Structures are given as C-alpha cells and as structure tokens.
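K.L.:
Supplied structure: structure28.cif, mmCIF, C-alpha atoms, pLDDT in the B column; chains and numbers go by the auth columns.
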data_model
loop_
_atom_site.group_PDB
_atom_site.id
_atom_site.type_symbol
_atom_site.label_atom_id
_atom_site.label_comp_id
_atom_site.label_asym_id
_atom_site.label_seq_id
_atom_site.Cartn_x
_atom_site.Cartn_y
_atom_site.Cartn_z
_atom_site.B_iso_or_equiv
_atom_site.auth_seq_id
_atom_site.auth_asym_id
ATOM 1 C CA MET A 1 48.681 -13.097 -32.563 52.00 1 A
ATOM 2 C CA SER A 2 47.284 -9.889 -33.849 54.00 2 A
ATOM 3 C CA PRO A 3 45.463 -7.465 -31.542 55.00 3 A
ATOM 4 C CA SER A 4 42.236 -7.932 -33.503 55.00 4 A
ATOM 5 C CA SER A 5 42.104 -11.653 -32.687 55.00 5 A
ATOM 6 C CA ASN A 6 42.184 -10.873 -28.940 58.00 6 A
ATOM 7 C CA GLN A 7 39.042 -8.793 -29.283 62.00 7 A
ATOM 8 C CA GLN A 8 37.138 -11.590 -30.964 65.00 8 A
ATOM 9 C CA ASN A 9 37.163 -13.931 -27.968 64.00 9 A
ATOM 10 C CA PRO A 10 33.573 -14.960 -27.346 68.00 10 A
ATOM 11 C CA LYS A 11 32.290 -14.547 -23.802 74.00 11 A
ATOM 12 C CA LYS A 12 31.735 -17.807 -21.987 72.00 12 A
ATOM 13 C CA LYS A 13 28.079 -18.593 -21.507 75.00 13 A
ATOM 14 C CA THR A 14 26.932 -20.144 -18.276 79.00 14 A
ATOM 15 C CA TYR A 15 24.895 -23.303 -18.481 79.00 15 A
ATOM 16 C CA GLU A 16 21.325 -22.798 -17.367 82.00 16 A
ATOM 17 C CA ARG A 17 19.339 -25.894 -16.655 86.00 17 A
ATOM 18 C CA ASN A 18 15.597 -26.079 -16.972 91.00 18 A
ATOM 19 C CA GLU A 19 13.398 -25.754 -13.931 90.00 19 A
ATOM 20 C CA THR A 20 12.050 -29.028 -12.553 94.00 20 A
ATOM 21 C CA ARG A 21 8.348 -29.462 -11.825 95.00 21 A
ATOM 22 C CA GLN A 22 9.013 -29.377 -8.103 96.00 22 A
ATOM 23 C CA GLU A 23 11.001 -26.148 -8.349 94.00 23 A
ATOM 24 C CA LYS A 24 8.337 -24.585 -10.554 95.00 24 A
ATOM 25 C CA ARG A 25 5.573 -25.471 -8.091 96.00 25 A
ATOM 26 C CA ALA A 26 7.615 -24.134 -5.165 96.00 26 A
ATOM 27 C CA ARG A 27 8.345 -20.870 -6.984 95.00 27 A
ATOM 28 C CA GLU A 28 4.718 -20.412 -8.014 96.00 28 A
ATOM 29 C CA ALA A 29 3.518 -21.164 -4.477 97.00 29 A
ATOM 30 C CA ALA A 30 5.934 -18.610 -3.029 94.00 30 A
ATOM 31 C CA GLU A 31 4.794 -15.988 -5.535 94.00 31 A
ATOM 32 C CA ALA A 32 1.153 -16.718 -4.680 96.00 32 A
ATOM 33 C CA ARG A 33 1.843 -16.347 -0.932 94.00 33 A
ATOM 34 C CA ILE A 34 3.534 -12.997 -1.471 91.00 34 A
ATOM 35 C CA LYS A 35 0.668 -11.811 -3.674 92.00 35 A
ATOM 36 C CA LYS A 36 -1.872 -12.892 -1.047 94.00 36 A
ATOM 37 C CA LYS A 37 0.020 -11.064 1.736 92.00 37 A
ATOM 38 C CA HIS A 38 0.223 -7.922 -0.381 90.00 38 A
ATOM 39 C CA LYS A 39 -3.504 -8.063 -1.142 93.00 39 A
ATOM 40 C CA LYS A 40 -4.336 -8.453 2.556 93.00 40 A
ATOM 41 C CA LEU A 41 -2.080 -5.545 3.520 92.00 41 A
ATOM 42 C CA MET A 42 -3.731 -3.350 0.911 92.00 42 A
ATOM 43 C CA SER A 43 -7.196 -4.171 2.264 94.00 43 A
ATOM 44 C CA ASP A 44 -6.018 -3.552 5.853 92.00 44 A
ATOM 45 C CA PHE A 45 -4.572 -0.243 4.689 91.00 45 A
ATOM 46 C CA ALA A 46 -7.919 0.752 3.171 92.00 46 A
ATOM 47 C CA LYS A 47 -9.748 -0.196 6.398 93.00 47 A
ATOM 48 C CA ALA A 48 -7.316 1.816 8.545 92.00 48 A
ATOM 49 C CA LYS A 49 -7.669 4.781 6.208 92.00 49 A
ATOM 50 C CA ARG A 50 -11.469 4.668 6.465 93.00 50 A
ATOM 51 C CA LYS A 51 -11.281 4.517 10.269 92.00 51 A
ATOM 52 C CA GLY A 52 -8.708 7.317 10.414 91.00 52 A
ATOM 53 C CA ASP A 53 -6.200 5.168 12.326 88.00 53 A
ATOM 54 C CA THR A 54 -2.939 7.009 11.619 91.00 54 A
ATOM 55 C CA GLU A 55 -0.716 4.578 13.586 91.00 55 A
ATOM 56 C CA GLY A 56 -2.193 1.618 11.732 89.00 56 A
ATOM 57 C CA ILE A 57 -1.709 3.349 8.398 91.00 57 A
ATOM 58 C CA LEU A 58 1.975 3.982 9.140 92.00 58 A
ATOM 59 C CA LYS A 59 2.603 0.392 10.279 92.00 59 A
ATOM 60 C CA ILE A 60 0.932 -1.081 7.217 91.00 60 A
ATOM 61 C CA ARG A 61 2.717 1.340 4.883 90.00 61 A
ATOM 62 C CA ASP A 62 6.059 0.268 6.385 92.00 62 A
ATOM 63 C CA ARG A 63 5.222 -3.417 5.877 90.00 63 A
ATOM 64 C CA ILE A 64 4.304 -2.793 2.238 86.00 64 A
ATOM 65 C CA ARG A 65 7.590 -0.950 1.682 88.00 65 A
ATOM 66 C CA GLN A 66 9.533 -3.815 3.265 88.00 66 A
ATOM 67 C CA MET A 67 7.832 -6.312 0.968 82.00 67 A
ATOM 68 C CA LYS A 68 8.688 -4.232 -2.100 78.00 68 A
ATOM 69 C CA ASN A 69 12.354 -3.998 -1.063 78.00 69 A
ATOM 70 C CA ARG A 70 12.791 -7.760 -0.836 70.00 70 A
#
The structure in this file should be written as structure tokens.
P.N.:
Amino acid sequence: MSPSSNQQNPKKKTYERNETRQEKRAREAAEARIKKKHKKLMSDFAKAKRKGDTEGILKIRDRIRQMKNR
C-alpha cells in the first residue's frame, strides 16, 4: 500500500433517520413553550423596569440568562 492510498479513506457517515410526526410535534411544542416563557419573562422585565424594582429586574435577568445557556 502506498502512503497516498491511506489518505484517501473516506470518513464514515453516520446514518440519520428522518424525524417522525410525533417527534416533530414534540420538538415544535417544546420550542413553542420555551418561546412563550421567554416572551413572558421579557414582559415581566419591562414591568419591573417601569416600576423601578431592582430586585425583580435582577431575578428576571438571571432567569433569562439561564434560559439562554440551556
């Protein structure tokens, strides 16, 4: 075997199956829940900012950061 033939080995591709309807619905529902939570937190953040509630602002900001890190 020549050294050039060793370099030509194709990488093995993993088999990816298509998503079933049930999995698609579950994924979309989970994404919608997360989006709804984020929207609610943003509105709560705006309310706390208007009221001048610094503790509330910090708590909500921490929750938003936690959601982004997931």
K.L.:
So how many Å separate CA of Ile60 in chain A and CA of Ala26 in chain A, to one decimal?
P.N.:
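It comes out at 27.0 Å.
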K.L.:
Any idea what the distance is between CA of Gly56 in chain A and CA of Met42 in chain A?
P.N.:
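So the answer is 12.0 Å.
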K.L.:
In Å, how far is it from CA of Glu16 in chain A to CA of Glu31 in chain A?
P.N.:
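Distance between the two atoms: 21.4 Å.
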K.L.:
Ranking A:Thr54, A:Arg27, A:Arg65, A:Thr20 by minimum distance to Leu41 in chain A and counting all atoms listed in the file, which one comes first?
P.N.:
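Ranked by minimum distance to Leu41 in chain A, first place goes to A:Arg65.
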K.L.:
Written as a list in words, which residues does the PyMOL selection byres ((chain A and resi 57) around 12) give for the file shown?
P.N.:
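For this structure, the PyMOL selection byres ((chain A and resi 57) around 12) captures Leu41, Met42, Ser43, Asp44, Phe45, Ala46, Lys47, Ala48, Lys49, Arg50, Lys51, Gly52, Asp53, Thr54, Glu55, Gly56, Leu58, Lys59, Ile60, Arg61, Asp62, Arg63 and Ile64 of chain A.
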